[in-house]
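Q: Please find one structure pasted underneath; my questions will follow.
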Amino acid sequence: MTAFEKKIYLSSPTMHGEELQYITEAYETNWMSTVGANINEVERLTCEKVGCKYAVALSCGTAALHLAVKLAGVQPGGTVFCTDMTFAATLNPVVYEGGIPIFIDTEYDTWNMDPVALEKAFELYPDTKVVVMANLYGVPAKIDEITAICRKHGAVLIEDAAESLGATYKGVQTGTFGTYNAISFNGNKIITGSSGGMLLTDDEAAANKARKWSTQSRENAPWYQHEEVGYNYRMSNVIAGVVRGQYPHLDEHIAQKKAIYMRYKEGLKDLPVSMNPYDEACMKPNFWLSCLLIDEAAMCKQVRSDSEACFVKEKGKTCPTEILETLAKYNVEGRPIWKPMHMQPMYRMNPFVTKDGNGRASTNAYIAGGCIDVGADIFHRGLCLPSDNKMTADEQDRIIDMIRSCFE
């Protein structure tokens, strides 16, 4: 087996040409700052596609989440329930505002926030009034259950749909289920602006407040007048031009990503593995990243520190570390599953709630196929497979062979 001459990436930008038209338009009209036709149009396109009333174009998805946290009223010392198995940007904005993230364990059905654990968390921390929920790898969470729990306890829901633009739950687009929602146009997302994000809401006053905050909270005065803290968070008209050129290709990208997922599922079906799951009856993911979970019985010994990993090779068995090292040897990029937040050094002392109601679990505690710490188990046995939509079927077949070789 020979290495690819050209690297196969996990998920790189896929450009089409229209982007240049709108970037050039920004250049030729000299609208290079944080106002312009491209910004207005991508806000309109987002509302049209997602089904929200208001979209505020911002510099990144993290900025959108930060403003969502502010709009939700998070105060210093206030507790916020957060998805545990996610990228840190989901919950770092809580800390920006002085809040205390409380991590809610994952469930196996979608790899997202466990509604049972969320209900347990409200029993343990009944004064909590904000929940930040992410849709991991483009798969919607169990939204009906989570929104019902939030209503029951009078909590504001923030939906982090950064990874799930174009995905639907019961026919409704993600990014609409929270009071405040966020999407991302980061370079590796389903469509990109190279950077950029959006705050989505049906609340006009909240949208106007976010726009004001994102432009340094300037007041309506003939000079720079400021009455509250603001941020330099508005999207550039140049970045908006890239997003504007990408939007017509969103459904095309989703179809390509789904084909990649299905080829992996078919090509690996006789191995002791499973793909990242979703409920076909009510969910249509955007298949942003295809992920693999190795059966516990097929795992060789694997040990990880905070920055290194090693494994002991066993015949017929493998582990994420071996597969990732094998892919890298052939010039292919994979990635471990997002390391759960309660296992991260900076958050290890934060509360963590499982579906059994535990207030804290060991950073390495999980039961094979079990119930104590689902996120740690998925992190231990799972990995993200190369999911670039420019990868050909022949290239993917070679990658499948590389994975299969690890089980020999």
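Lettering and numbering for the structure tokens are positional, with chains as A, B, ... in the shown order, residues counted from 1 in each chain, and ligands counted from 1 in the shown order.
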So that I can see what lies close to A:Thr110, please list as a PyMOL selection string the residues with an atom at most 12 Å from it, counting only C-alpha atoms and leaving out residues fewer than 3 positions away in the same chain.

A: chain A and resi 85+106-107+113-115+134-143+275-280+282-285+291+374-375+378

Q: Env of A:Asn188: 6 Å cut, atoms = only C-alpha atoms, seq-sep filter 4 positions within chain, self excluded. Answer as a VMD selection string.

A: chain A and resid 11 to 13

Q: At most 9 Å is the cut-off: for each residue in stretch 322-396 of chain A with any atom that close to an atom of stretch 259-265 of chain A, write down the nearest atom pair and the distance in Å rounded to one decimal, counting only C-alpha atoms, chain first then increasing number, as CSV.

A:
residue,atom,partner,partner_atom,distance
A:Leu385,CA,A:Tyr264,CA,8.9
A:Ser387,CA,A:Ile260,CA,6.6
A:Asp388,CA,A:Ile260,CA,8.4
A:Asn389,CA,A:Ile260,CA,7.5
A:Met391,CA,A:Ile260,CA,8.5
A:Ala393,CA,A:Ile260,CA,8.1
A:Gln396,CA,A:Ile260,CA,7.9

Q: Go through stretch 80-146 of chain A residue by residue and, counting only C-alpha atoms, keep those with an atom at most 10 Å from stretch 325-349 of chain A; for each kept residue give the shortest atom pair and its distance in Å to one decimal, ordered by chain and increasing number, as a tab-separated table.

A:
residue	atom	partner	partner_atom	distance
A:Cys82	CA	A:Met341	CA	9.3
A:Thr83	CA	A:Met341	CA	8.3
A:Asp84	CA	A:Met341	CA	5.2
A:Met85	CA	A:Pro340	CA	4.2
A:Thr86	CA	A:Trp338	CA	5.6
A:Phe87	CA	A:Trp338	CA	6.1
A:Ala88	CA	A:Met341	CA	7.1
A:Thr90	CA	A:Met341	CA	10.0
A:Leu91	CA	A:Met341	CA	9.0
A:Ile100	CA	A:Tyr347	CA	9.8
A:Pro101	CA	A:Tyr347	CA	8.5
A:Ile102	CA	A:His342	CA	8.8
A:Phe103	CA	A:His342	CA	6.6
A:Ile104	CA	A:His342	CA	9.1
A:Asp105	CA	A:Pro340	CA	8.7
A:Thr106	CA	A:Pro340	CA	9.0
A:Leu136	CA	A:Trp338	CA	9.2
A:Tyr137	CA	A:Ile337	CA	9.7

Q: How about saving the chosen residues, N, CA, C and O atoms kept, as a tab-separated table (two decimals), in the first residue's frame?

A:
chain	number	residue	atom	x	y	z
A	82	CYS	N	-23.96	22.54	30.05
A	82	CYS	CA	-23.32	22.54	28.73
A	82	CYS	C	-23.09	21.13	28.22
A	82	CYS	O	-22.79	20.21	29.00
A	83	THR	N	-23.21	20.96	26.92
A	83	THR	CA	-22.77	19.73	26.27
A	83	THR	C	-21.34	19.42	26.69
A	83	THR	O	-20.48	20.31	26.70
A	84	ASP	N	-21.08	18.16	27.01
A	84	ASP	CA	-19.76	17.76	27.49
A	84	ASP	C	-18.83	17.36	26.35
A	84	ASP	O	-17.68	17.80	26.29
A	85	MET	N	-19.31	16.52	25.44
A	85	MET	CA	-18.48	16.06	24.33
A	85	MET	C	-18.68	17.00	23.15
A	85	MET	O	-19.61	16.85	22.34
A	86	THR	N	-17.81	17.99	23.06
A	86	THR	CA	-17.92	19.03	22.04
A	86	THR	C	-16.57	19.73	21.95
A	86	THR	O	-15.65	19.44	22.70
A	87	PHE	N	-16.46	20.66	21.01
A	87	PHE	CA	-15.30	21.52	20.94
A	87	PHE	C	-15.45	22.62	21.99
A	87	PHE	O	-16.56	23.06	22.30
A	88	ALA	N	-14.33	23.09	22.52
A	88	ALA	CA	-14.34	24.02	23.64
A	88	ALA	C	-15.10	25.32	23.36
A	88	ALA	O	-15.60	25.97	24.28
A	90	THR	N	-17.95	25.77	22.31
A	90	THR	CA	-19.34	25.69	22.75
A	90	THR	C	-19.54	26.36	24.09
A	90	THR	O	-20.55	27.03	24.33
A	91	LEU	N	-18.59	26.16	24.99
A	91	LEU	CA	-18.81	26.62	26.38
A	91	LEU	C	-17.83	27.67	26.86
A	91	LEU	O	-18.09	28.32	27.88
A	100	ILE	N	-20.24	29.46	35.30
A	100	ILE	CA	-19.61	28.18	35.66
A	100	ILE	C	-20.26	27.08	34.83
A	100	ILE	O	-21.42	26.72	35.05
A	101	PRO	N	-19.53	26.51	33.86
A	101	PRO	CA	-20.10	25.40	33.08
A	101	PRO	C	-20.25	24.15	33.94
A	101	PRO	O	-19.35	23.77	34.69
A	102	ILE	N	-21.41	23.53	33.83
A	102	ILE	CA	-21.66	22.21	34.42
A	102	ILE	C	-21.89	21.27	33.24
A	102	ILE	O	-22.80	21.48	32.44
A	103	PHE	N	-21.08	20.23	33.15
A	103	PHE	CA	-21.08	19.40	31.96
A	103	PHE	C	-22.08	18.25	32.07
A	103	PHE	O	-22.13	17.55	33.09
A	104	ILE	N	-22.86	18.09	31.01
A	104	ILE	CA	-23.89	17.05	30.94
A	104	ILE	C	-23.39	15.94	30.03
A	104	ILE	O	-23.02	16.18	28.88
A	105	ASP	N	-23.41	14.71	30.53
A	105	ASP	CA	-22.84	13.59	29.80
A	105	ASP	C	-23.58	13.34	28.48
A	105	ASP	O	-24.69	13.82	28.24
A	106	THR	N	-22.95	12.54	27.66
A	106	THR	CA	-23.40	12.20	26.31
A	106	THR	C	-24.27	10.94	26.35
A	106	THR	O	-24.19	10.16	27.29
A	136	LEU	N	-23.44	17.50	17.62
A	136	LEU	CA	-22.10	17.03	17.31
A	136	LEU	C	-22.00	16.43	15.91
A	136	LEU	O	-22.82	15.59	15.52
A	137	TYR	N	-20.97	16.84	15.18
A	137	TYR	CA	-20.62	16.29	13.86
A	137	TYR	C	-21.76	16.37	12.86
A	137	TYR	O	-21.82	15.60	11.90

Q: From a DSSP pass on the backbone, collect the residues of stretch 234-334 of chain A flagged as alpha helix (DSSP H) and hand them back as a ChimeraX atom specification.

A: /A:237-246,250-267,320-329

Q: Counting only C-alpha atoms, give me one row per residue of stretch 114-203 of chain A with an atom at most 8 Å from an atom of stretch 234-256 of chain A, showing the shortest contact pair and its distance in Å to one decimal, sorted by chain then residue number, as a Markdown table.

A:
| residue | atom | partner | partner_atom | distance |
| --- | --- | --- | --- | --- |
| A:Gly166 | CA | A:Leu250 | CA | 7.3 |
| A:Phe185 | CA | A:Val243 | CA | 7.3 |
| A:Ile190 | CA | A:His253 | CA | 6.6 |
| A:Ile191 | CA | A:Gln246 | CA | 5.9 |
| A:Thr192 | CA | A:Val243 | CA | 5.9 |
| A:Gly193 | CA | A:Val243 | CA | 4.6 |
| A:Ser194 | CA | A:Ile239 | CA | 7.1 |
| A:Ser195 | CA | A:Ile239 | CA | 7.0 |
| A:Gly196 | CA | A:Met235 | CA | 6.2 |
| A:Gly197 | CA | A:Met235 | CA | 7.7 |

Q: Could you pull the residues within 6 Å of stretch 63-75 of chain A, counting only C-alpha atoms, minus those fewer than 3 positions along the same chain, as a PyMOL selection string?

A: chain A and resi 60+78+93+99+180+182+198-199

Q: Would you put the residues from that selection into a file with N, CA and C atoms, as an mmCIF file, in the first residue's frame?

A:
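Result written to out27.cif:
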data_model
loop_
_atom_site.group_PDB
_atom_site.id
_atom_site.type_symbol
_atom_site.label_atom_id
_atom_site.label_comp_id
_atom_site.auth_asym_id
_atom_site.auth_seq_id
_atom_site.Cartn_x
_atom_site.Cartn_y
_atom_site.Cartn_z
ATOM 1 N N CYS A 60 -17.177 35.108 13.832
ATOM 2 C CA CYS A 60 -17.001 33.664 13.989
ATOM 3 C C CYS A 60 -18.172 33.092 14.787
ATOM 4 N N GLY A 78 -22.844 32.343 37.968
ATOM 5 C CA GLY A 78 -24.039 31.596 37.581
ATOM 6 C C GLY A 78 -23.689 30.288 36.895
ATOM 7 N N PRO A 93 -17.494 30.690 25.929
ATOM 8 C CA PRO A 93 -18.177 31.966 26.146
ATOM 9 C C PRO A 93 -18.887 32.073 27.497
ATOM 10 N N GLY A 99 -19.485 32.813 34.044
ATOM 11 C CA GLY A 99 -20.346 31.700 34.424
ATOM 12 C C GLY A 99 -19.556 30.437 34.718
ATOM 13 N N TYR A 180 -31.744 31.484 21.430
ATOM 14 C CA TYR A 180 -30.611 32.041 20.693
ATOM 15 C C TYR A 180 -29.805 30.871 20.143
ATOM 16 N N ALA A 182 -26.480 29.529 17.205
ATOM 17 C CA ALA A 182 -25.253 29.928 16.534
ATOM 18 C C ALA A 182 -24.902 28.941 15.437
ATOM 19 N N MET A 198 -22.879 33.211 12.650
ATOM 20 C CA MET A 198 -24.162 33.912 12.735
ATOM 21 C C MET A 198 -24.835 33.648 14.071
ATOM 22 N N LEU A 199 -25.417 34.693 14.640
ATOM 23 C CA LEU A 199 -26.369 34.545 15.732
ATOM 24 C C LEU A 199 -27.752 34.507 15.122
#

Q: Pick out the residues sitting within 6 Å of stretch 204-219 of chain A, and hand them over as a short mmCIF file (atom, residue, chain, number, x, y, z; two decimals) with N, CA and C atoms, in the first residue's frame; count only C-alpha atoms, and ignore anything fewer than 6 positions along from it in its own chain.

A:
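Writing done, so here's part.cif:
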data_model
loop_
_atom_site.label_atom_id
_atom_site.label_comp_id
_atom_site.auth_asym_id
_atom_site.auth_seq_id
_atom_site.Cartn_x
_atom_site.Cartn_y
_atom_site.Cartn_z
N GLN A 225 -20.08 57.41 21.07
CA GLN A 225 -20.70 57.43 22.39
C GLN A 225 -20.91 55.98 22.84
N HIS A 226 -20.45 55.66 24.06
CA HIS A 226 -20.53 54.29 24.56
C HIS A 226 -21.11 54.28 25.96
N GLY A 230 -18.77 46.81 24.45
CA GLY A 230 -19.07 46.22 23.15
C GLY A 230 -17.90 45.41 22.64
N TYR A 231 -18.05 44.87 21.43
CA TYR A 231 -17.05 43.96 20.86
C TYR A 231 -16.89 44.23 19.38
N ASN A 232 -15.73 43.91 18.86
CA ASN A 232 -15.47 44.04 17.42
C ASN A 232 -15.78 42.69 16.77
N TYR A 233 -17.06 42.37 16.68
CA TYR A 233 -17.50 41.03 16.29
C TYR A 233 -18.21 40.97 14.94
N ARG A 234 -18.41 42.09 14.27
CA ARG A 234 -19.21 42.06 13.04
C ARG A 234 -18.44 41.37 11.91
#

Q: Restricting the calculation to only C-alpha atoms: of A:Thr174, A:Ser274, A:Tyr96, A:Val229, which residue gets closest to A:Asp109?

A: A:Ser274

Q: Compile the contact shell of A:Tyr54 as a ChimeraX atom specification: residues with an atom at most 6 Å away, counting only C-alpha atoms, same-chain residues fewer than 3 positions apart removed.

A: /A:200-202

Q: Taking the DSSP secondary structure from the backbone, can you list the residues of stretch 101-321 of chain A that are strand (DSSP E), as a VMD selection string?

A: chain A and resid 101 to 104 130 to 134 156 to 160 168 to 169 172 to 173 180 to 184 197 to 201 273 to 275 283 to 284 291 to 294 301 to 304 309 to 312

Q: Between atom CA of A:Ile149 and atom CA of A:Glu119, what distance in Å does the model show, to one decimal?

A: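 Between atom CA of A:Ile149 and atom CA of A:Glu119 the gap works out to 6.7 Å.
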
Q: Atom CA of A:Tyr22 to atom CA of A:Cys52: how many Å, to one decimal?

A: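 Between these atoms lies a distance of 24.1 Å.
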
Q: Counting only C-alpha atoms, which of A:Leu20, A:Ala55, A:Met32, A:Leu292 gets nearest to A:Trp111?

A: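 Using only C-alpha atoms, A:Trp111 sits closest to A:Leu292.
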
Q: Could you name the residues that touch A:Ala281 at 12 Å or less, counting only C-alpha atoms, but leaving out those on the same chain fewer than 5 positions away, as a PyMOL selection string?

A: chain A and resi 168-171

Q: Save the residues we just selected, all heavy atoms, as a PDB file, in the first residue's frame?

A:
ATOM      1  N   THR A 168     -31.642  18.623   9.722  1.00  0.00           N
ATOM      2  CA  THR A 168     -33.008  18.849  10.183  1.00  0.00           C
ATOM      3  C   THR A 168     -33.412  17.844  11.257  1.00  0.00           C
ATOM      4  O   THR A 168     -32.918  16.716  11.286  1.00  0.00           O
ATOM      5  CB  THR A 168     -34.026  18.759   9.026  1.00  0.00           C
ATOM      6  OG1 THR A 168     -33.995  17.435   8.465  1.00  0.00           O
ATOM      7  CG2 THR A 168     -33.742  19.789   7.954  1.00  0.00           C
ATOM      8  N   TYR A 169     -34.311  18.291  12.116  1.00  0.00           N
ATOM      9  CA  TYR A 169     -34.932  17.444  13.139  1.00  0.00           C
ATOM     10  C   TYR A 169     -36.435  17.559  12.957  1.00  0.00           C
ATOM     11  O   TYR A 169     -37.003  18.644  13.048  1.00  0.00           O
ATOM     12  CB  TYR A 169     -34.519  17.914  14.534  1.00  0.00           C
ATOM     13  CG  TYR A 169     -35.146  17.132  15.672  1.00  0.00           C
ATOM     14  CD1 TYR A 169     -34.592  15.929  16.100  1.00  0.00           C
ATOM     15  CD2 TYR A 169     -36.297  17.599  16.307  1.00  0.00           C
ATOM     16  CE1 TYR A 169     -35.169  15.210  17.135  1.00  0.00           C
ATOM     17  CE2 TYR A 169     -36.875  16.885  17.342  1.00  0.00           C
ATOM     18  CZ  TYR A 169     -36.311  15.694  17.754  1.00  0.00           C
ATOM     19  OH  TYR A 169     -36.894  14.977  18.788  1.00  0.00           O
ATOM     20  N   LYS A 170     -37.067  16.430  12.609  1.00  0.00           N
ATOM     21  CA  LYS A 170     -38.501  16.392  12.315  1.00  0.00           C
ATOM     22  C   LYS A 170     -38.882  17.443  11.271  1.00  0.00           C
ATOM     23  O   LYS A 170     -39.899  18.132  11.377  1.00  0.00           O
ATOM     24  CB  LYS A 170     -39.328  16.553  13.593  1.00  0.00           C
ATOM     25  CG  LYS A 170     -39.147  15.382  14.555  1.00  0.00           C
ATOM     26  CD  LYS A 170     -40.089  15.448  15.750  1.00  0.00           C
ATOM     27  CE  LYS A 170     -39.952  14.170  16.603  1.00  0.00           C
ATOM     28  NZ  LYS A 170     -40.829  14.207  17.796  1.00  0.00           N
ATOM     29  N   GLY A 171     -38.006  17.579  10.265  1.00  0.00           N
ATOM     30  CA  GLY A 171     -38.263  18.476   9.150  1.00  0.00           C
ATOM     31  C   GLY A 171     -37.925  19.932   9.394  1.00  0.00           C
ATOM     32  O   GLY A 171     -38.093  20.763   8.494  1.00  0.00           O
TER      33      GLY A 171
END

Q: May I ask which of the residues A:Gly357, A:Glu227, A:Lys7, A:Ile183 is the closest one to A:Glu43, counting only C-alpha atoms?

A: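 Checking each of A:Gly357, A:Glu227, A:Lys7, A:Ile183 against A:Glu43, counting only C-alpha atoms, the winner is A:Ile183.
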
Q: Would you please work out which residue, of A:Leu289, A:Ala117, A:Thr2, A:Phe379, is nearest to A:Arg304 when using only C-alpha atoms?

A: A:Phe379
